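K.L.:
Next up is a structure, given as structure tokens.
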Amino acid sequence: MALSSCKAKQITSSINNPAANETAGNSSQDQVKFGYFYVEGCAERMKGNLQQALKLFEECEKIDAGNAPVQYEMGTIYKLLGSDDQALARAKFCAGADVKNEYYQLLLIDCLITDKQYTQAIKVRETLIKNFPAKSEFKEDLAIEYAIMGHYDKSFKIYDELEHTYGISEQLTLNKIKLLKSQKKNAEVEAELIRLSASDKGEVRYYAYLAEFYVDQHDLEKAKIMYDKILELDPNEPTVNLALHDYYSAKGMDQEAFVHLKMAFQNPDLDVSTKANIVGAYFQHAESKNEVALQRGLELTQIMLEVHPNATESNALYGDFLRLQNKLSEASVYFYRAAINEHRDARVWDNLLFVDNELSRYDSLEHHSKVAIELFPSQPVYYLYNGVANNQLKDYSKATRSLKAGIDFVIDNKTLVIQFLSALGDAYNSMKDYPNSDKAFEDALKIDSDNTYVLNNYAYYLSLRADNLTRAEKLSKRTIELQPNNRNYMDTYGWILYQQKKYGEAEVWLGSASKKGEKNPTILEHYGDALFKLGKQNEAMDQWEAAKLAGGNSEALLKKIKEKKLNDE
């Protein structure tokens, strides 16, 4: 609308008007200035430079304060700037100056609505329609305003008049239906929809409107007639089978409902995102141990894979169901297929990395996490995965680089910060950078002094290098207090006591740890060492042999067995 006001004929109309010139002065120099400021003002407004445009129009106003086009431009800019009072004042001026200018009247209507002067806005709109009777869009706008004011009969009458002039149309009918629904005139709604469907008996969308109406009215049998009609006209219409699924579900015919749902999924015209939303609901129920939801969700996802084999959604959802069944190796294949072409949804990569980590596939985890970091550089968890993978691959320099970079992206997540610090502690310890390792663990304990993973690892590393054993004993003892039956924590505590030469106490803890769960070669070896220190050589040999049978094959263990003594003796 605003662009039309910058046409040359509107600029010159007031300049060449003798009455306007009396106000503006007869100076040809003023006229030239006015024309220049006006054209430049329009140009700046069209560029979006509203403040600069306003200044130029203010210069025009100084020359000719009664110029309607100038007032219109200023009113439009004030409206855009949110200066509603100024905009309304300008709009009233230009609309009063030229009642036949539709743009002036539309600006006034817009300003009146903003000012919540709805009744006055309707009056201006009514006058506008009288002046421009051929413009149907003005009548439609008036109908909307009548509806907002609650004048439903007046609004409905306008739609009827438009329909009489232009014939039955979908949009007009839908507008009428909105009015009728707001008044709960359901019989009239049905009549309008029947008239619409009769106007074009080949348009399936009109029958769909009727079916939806009947469902809302709980008249399922009439809805079924409409669905059958749609299938007769267009057997490949994708949404009808979804509707029939809802129909049969409402009637308690569960098997029949699922048949139609599968038919909908087999239709490639039904978009994959709609299918994914439906399967997502099944997955939520399956997570709650609903076996029927699990089996049906799997079946629907398999259909999705057949119809949309390369879609991210199909592969990701199938992976989800496999993971739910603890089939992680199979799930990883589909998570990979989902992720390779997904550059927007980070959740898909979350699944792939989670499974890589669970399966201890650290080569894959390192590679995939590196790609994920490139795609989503502000996601801290991907740096953590990369750090963990490189720790396991013994590339500790890479691990520390990733972990130090990623921790800066963590916001308000203490648990995640602790995971980063713990992984850094592991990496630095392996690099024999003990000051930084200790600092990382101490920083983690400042956040959560009872984190058993941090307490145990830190204590164990101190014990291995026989450093600050008093601190190590205190840390390890706390893990036992928190989880008294954890054999790994018992082993750490017993080994610290061993390092402190408290062999009797160490024997007790290590002996208890060795009897819990499956045979652990490290625990059995530690227990044997404590027994040997207590002079129980035969019992020590038994434990070392047991450690070997349990999978222990370190050079130190084999040497102990061969020489029948501790290596430090």
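Lettering and numbering for the structure tokens are positional, with chains as A, B, ... in the shown order, residues counted from 1 in each chain, and ligands counted from 1 in the shown order.
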Within 12 Å of Val215 (chain A), counting only C-alpha atoms, which residues show up once you throw out same-chain ones fewer than 5 positions away? Write them as a ChimeraX atom specification, please.

P.N.:
/A:208-210,220-227,243-244,246-248,250-251

K.L.:
Go ahead and dump the residues you just picked, C-alpha atoms, as a CSV table (one decimal), in the first residue's frame.

P.N.:
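Saved to selection.csv:
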chain,number,residue,atom,x,y,z
A,208,ALA,CA,-13.1,-34.8,4.4
A,209,TYR,CA,-14.5,-31.6,5.9
A,210,LEU,CA,-17.8,-33.4,6.4
A,220,LEU,CA,-19.2,-42.2,13.4
A,221,GLU,CA,-21.5,-43.9,10.9
A,222,LYS,CA,-21.9,-40.8,8.8
A,223,ALA,CA,-18.2,-40.2,9.0
A,224,LYS,CA,-17.6,-43.7,7.7
A,225,ILE,CA,-19.8,-43.0,4.7
A,226,MET,CA,-17.7,-39.9,3.9
A,227,TYR,CA,-14.4,-41.9,4.2
A,243,ALA,CA,-9.1,-41.4,9.7
A,244,LEU,CA,-10.4,-44.9,9.3
A,246,ASP,CA,-9.4,-43.4,14.3
A,247,TYR,CA,-12.9,-44.5,13.3
A,248,TYR,CA,-12.3,-48.2,14.1
A,250,ALA,CA,-13.4,-45.3,18.5
A,251,LYS,CA,-15.6,-48.4,17.9

K.L.:
Quick one: residues within 7 Å of Tyr38 (chain A), only C-alpha atoms counted, chain neighbours fewer than 2 positions away excluded, as number ranges by chain?

P.N.:
A: 34-36, 40-42, 56-57, 60

K.L.:
Using DSSP secondary structure from the backbone, list all helix (DSSP H, G or I) positions within region 263-401 of chain A, as a PyMOL selection string.

P.N.:
chain A and resi 263-265+272-287+291-307+312-324+328-340+346-358+362-375+380-392+396-401

K.L.:
Would you please work out which residue, of A:Ser476, A:Ser437, A:Ser155, A:Gln71, is nearest to Trp509 (chain A) when using only C-alpha atoms?

P.N.:
A:Ser476

K.L.:
Using only C-alpha atoms, which residue out of A:Thr415, A:Thr76, A:Asn456, A:Asn390 lies closest to Ser430 (chain A)?

P.N.:
A:Asn390

K.L.:
Need to verify the contact set: Asn486 (chain A), 9 Å, only C-alpha atoms, exclusion of same-chain residues closer than 5 positions in sequence. Can you return it as a PyMOL selection string?

P.N.:
chain A and resi 479-480+491+513+516

K.L.:
Need to verify the contact set: Arg205 (chain A), 12 Å, only C-alpha atoms, exclusion of same-chain residues closer than 3 positions in sequence. Can you return it as a ChimeraX atom specification?

P.N.:
/A:170,193,196-197,200-202,208-212,226-227,229-231,233-234,237-240

K.L.:
Selected residues, N, CA and C atoms, written as a JSON list (two decimals), in the first residue's frame, please.

P.N.:
[["chain", "number", "residue", "atom", "x", "y", "z"],
["A", 170, "GLU", "N", -14.73, -22.56, -1.43],
["A", 170, "GLU", "CA", -14.24, -23.23, -0.22],
["A", 170, "GLU", "C", -13.97, -22.24, 0.90],
["A", 193, "LEU", "N", -21.65, -27.49, 4.68],
["A", 193, "LEU", "CA", -20.67, -28.45, 4.18],
["A", 193, "LEU", "C", -21.27, -29.34, 3.10],
["A", 196, "LEU", "N", -21.30, -27.31, 0.00],
["A", 196, "LEU", "CA", -19.96, -27.21, -0.56],
["A", 196, "LEU", "C", -19.58, -28.48, -1.31],
["A", 197, "SER", "N", -19.83, -29.66, -0.70],
["A", 197, "SER", "CA", -19.48, -30.91, -1.36],
["A", 197, "SER", "C", -20.31, -31.12, -2.61],
["A", 200, "ASP", "N", -18.98, -29.46, -5.97],
["A", 200, "ASP", "CA", -17.94, -30.16, -6.74],
["A", 200, "ASP", "C", -17.83, -31.57, -6.19],
["A", 201, "LYS", "N", -18.57, -32.50, -6.81],
["A", 201, "LYS", "CA", -18.68, -33.85, -6.27],
["A", 201, "LYS", "C", -17.41, -34.68, -6.45],
["A", 202, "GLY", "N", -16.44, -34.12, -7.15],
["A", 202, "GLY", "CA", -15.18, -34.84, -7.33],
["A", 202, "GLY", "C", -14.08, -34.37, -6.41],
["A", 208, "ALA", "N", -13.88, -34.71, 3.16],
["A", 208, "ALA", "CA", -13.05, -34.81, 4.37],
["A", 208, "ALA", "C", -13.52, -33.81, 5.43],
["A", 209, "TYR", "N", -13.92, -32.60, 4.98],
["A", 209, "TYR", "CA", -14.47, -31.63, 5.93],
["A", 209, "TYR", "C", -15.72, -32.19, 6.60],
["A", 210, "LEU", "N", -16.57, -32.81, 5.81],
["A", 210, "LEU", "CA", -17.80, -33.39, 6.36],
["A", 210, "LEU", "C", -17.47, -34.52, 7.34],
["A", 211, "ALA", "N", -16.52, -35.36, 6.95],
["A", 211, "ALA", "CA", -16.14, -36.48, 7.83],
["A", 211, "ALA", "C", -15.62, -35.96, 9.15],
["A", 212, "GLU", "N", -14.79, -34.94, 9.10],
["A", 212, "GLU", "CA", -14.24, -34.36, 10.33],
["A", 212, "GLU", "C", -15.36, -33.78, 11.20],
["A", 226, "MET", "N", -18.53, -40.91, 4.55],
["A", 226, "MET", "CA", -17.66, -39.93, 3.87],
["A", 226, "MET", "C", -16.29, -40.54, 3.54],
["A", 227, "TYR", "N", -15.73, -41.32, 4.48],
["A", 227, "TYR", "CA", -14.44, -41.95, 4.23],
["A", 227, "TYR", "C", -14.54, -42.90, 3.03],
["A", 229, "LYS", "N", -16.59, -42.69, 0.59],
["A", 229, "LYS", "CA", -16.74, -41.87, -0.61],
["A", 229, "LYS", "C", -15.37, -41.35, -1.08],
["A", 230, "ILE", "N", -14.54, -40.94, -0.12],
["A", 230, "ILE", "CA", -13.20, -40.44, -0.46],
["A", 230, "ILE", "C", -12.37, -41.55, -1.10],
["A", 231, "LEU", "N", -12.42, -42.76, -0.52],
["A", 231, "LEU", "CA", -11.65, -43.87, -1.07],
["A", 231, "LEU", "C", -12.15, -44.26, -2.46],
["A", 233, "LEU", "N", -13.36, -42.13, -4.63],
["A", 233, "LEU", "CA", -12.88, -41.11, -5.57],
["A", 233, "LEU", "C", -11.36, -41.12, -5.71],
["A", 234, "ASP", "N", -10.66, -41.39, -4.60],
["A", 234, "ASP", "CA", -9.20, -41.36, -4.62],
["A", 234, "ASP", "C", -8.66, -42.44, -3.69],
["A", 237, "GLU", "N", -5.57, -41.61, -1.53],
["A", 237, "GLU", "CA", -5.56, -40.48, -0.60],
["A", 237, "GLU", "C", -4.98, -40.95, 0.74],
["A", 238, "PRO", "N", -3.83, -40.39, 1.15],
["A", 238, "PRO", "CA", -3.09, -40.97, 2.29],
["A", 238, "PRO", "C", -3.74, -40.79, 3.65],
["A", 239, "THR", "N", -4.49, -39.73, 3.85],
["A", 239, "THR", "CA", -4.99, -39.46, 5.20],
["A", 239, "THR", "C", -6.26, -40.24, 5.54],
["A", 240, "VAL", "N", -6.92, -40.82, 4.51],
["A", 240, "VAL", "CA", -8.18, -41.50, 4.79],
["A", 240, "VAL", "C", -7.99, -42.72, 5.67]]

K.L.:
Can you tell me which residues surround region 470-473 of chain A at a distance of at most 8 Å, considering only C-alpha atoms, apart from same-chain residues fewer than 5 positions away, and format the answer as a ChimeraX atom specification?

P.N.:
/A:458-460,462-463,493,496-497

K.L.:
Suppose we keep N, CA and C atoms; can you now write the selection as a PDB file, in the first residue's frame?

P.N.:
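Final output, saved to out17.pdb:
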ATOM      1  N   TYR A 458      40.449 -41.300  41.717  1.00  0.00           N
ATOM      2  CA  TYR A 458      41.494 -40.430  42.272  1.00  0.00           C
ATOM      3  C   TYR A 458      42.292 -41.190  43.336  1.00  0.00           C
ATOM      4  N   ALA A 459      41.575 -41.857  44.220  1.00  0.00           N
ATOM      5  CA  ALA A 459      42.242 -42.609  45.285  1.00  0.00           C
ATOM      6  C   ALA A 459      43.113 -43.722  44.702  1.00  0.00           C
ATOM      7  N   TYR A 460      42.602 -44.401  43.686  1.00  0.00           N
ATOM      8  CA  TYR A 460      43.333 -45.520  43.097  1.00  0.00           C
ATOM      9  C   TYR A 460      44.624 -45.037  42.421  1.00  0.00           C
ATOM     10  N   LEU A 462      46.331 -42.364  43.171  1.00  0.00           N
ATOM     11  CA  LEU A 462      47.276 -42.006  44.234  1.00  0.00           C
ATOM     12  C   LEU A 462      47.946 -43.255  44.801  1.00  0.00           C
ATOM     13  N   SER A 463      47.146 -44.328  44.947  1.00  0.00           N
ATOM     14  CA  SER A 463      47.698 -45.555  45.529  1.00  0.00           C
ATOM     15  C   SER A 463      48.716 -46.208  44.594  1.00  0.00           C
ATOM     16  N   TYR A 493      40.322 -49.652  48.324  1.00  0.00           N
ATOM     17  CA  TYR A 493      40.605 -49.371  49.736  1.00  0.00           C
ATOM     18  C   TYR A 493      41.634 -50.364  50.294  1.00  0.00           C
ATOM     19  N   ILE A 496      45.108 -49.522  48.978  1.00  0.00           N
ATOM     20  CA  ILE A 496      45.705 -48.364  49.663  1.00  0.00           C
ATOM     21  C   ILE A 496      46.271 -48.796  51.014  1.00  0.00           C
ATOM     22  N   LEU A 497      45.523 -49.634  51.718  1.00  0.00           N
ATOM     23  CA  LEU A 497      46.025 -50.161  52.997  1.00  0.00           C
ATOM     24  C   LEU A 497      47.302 -50.973  52.770  1.00  0.00           C
TER      25      LEU A 497
END

K.L.:
Using only C-alpha atoms, which protein or nucleic acid residues come within 8 Å of Val333 (chain A)? Drop anything in the same chain fewer than 4 positions from it, and give the result as a list in words.

P.N.:
Gly319, Ser329 and Arg337 of chain A

K.L.:
Would you list the contacts of Arg478 (chain A) as a ChimeraX atom specification, taking every protein, DNA or RNA residue within 12 Å and counting only C-alpha atoms, but skipping same-chain residues closer than 3 positions in sequence?

P.N.:
/A:449-456,459,471-475,481-484,489-490,492-493

K.L.:
Would you compute the distance between CA of Ser397 (chain A) and CA of His368 (chain A)? Give it in Å to one decimal.

P.N.:
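CA of His368 (chain A) lies 18.4 Å from CA of Ser397 (chain A).
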
K.L.:
For CA of Asp426 (chain A) and CA of Asn520 (chain A), quote the distance in Å rounded to one decimal.

P.N.:
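Going from CA of Asp426 (chain A) over to CA of Asn520 (chain A) covers 21.5 Å.
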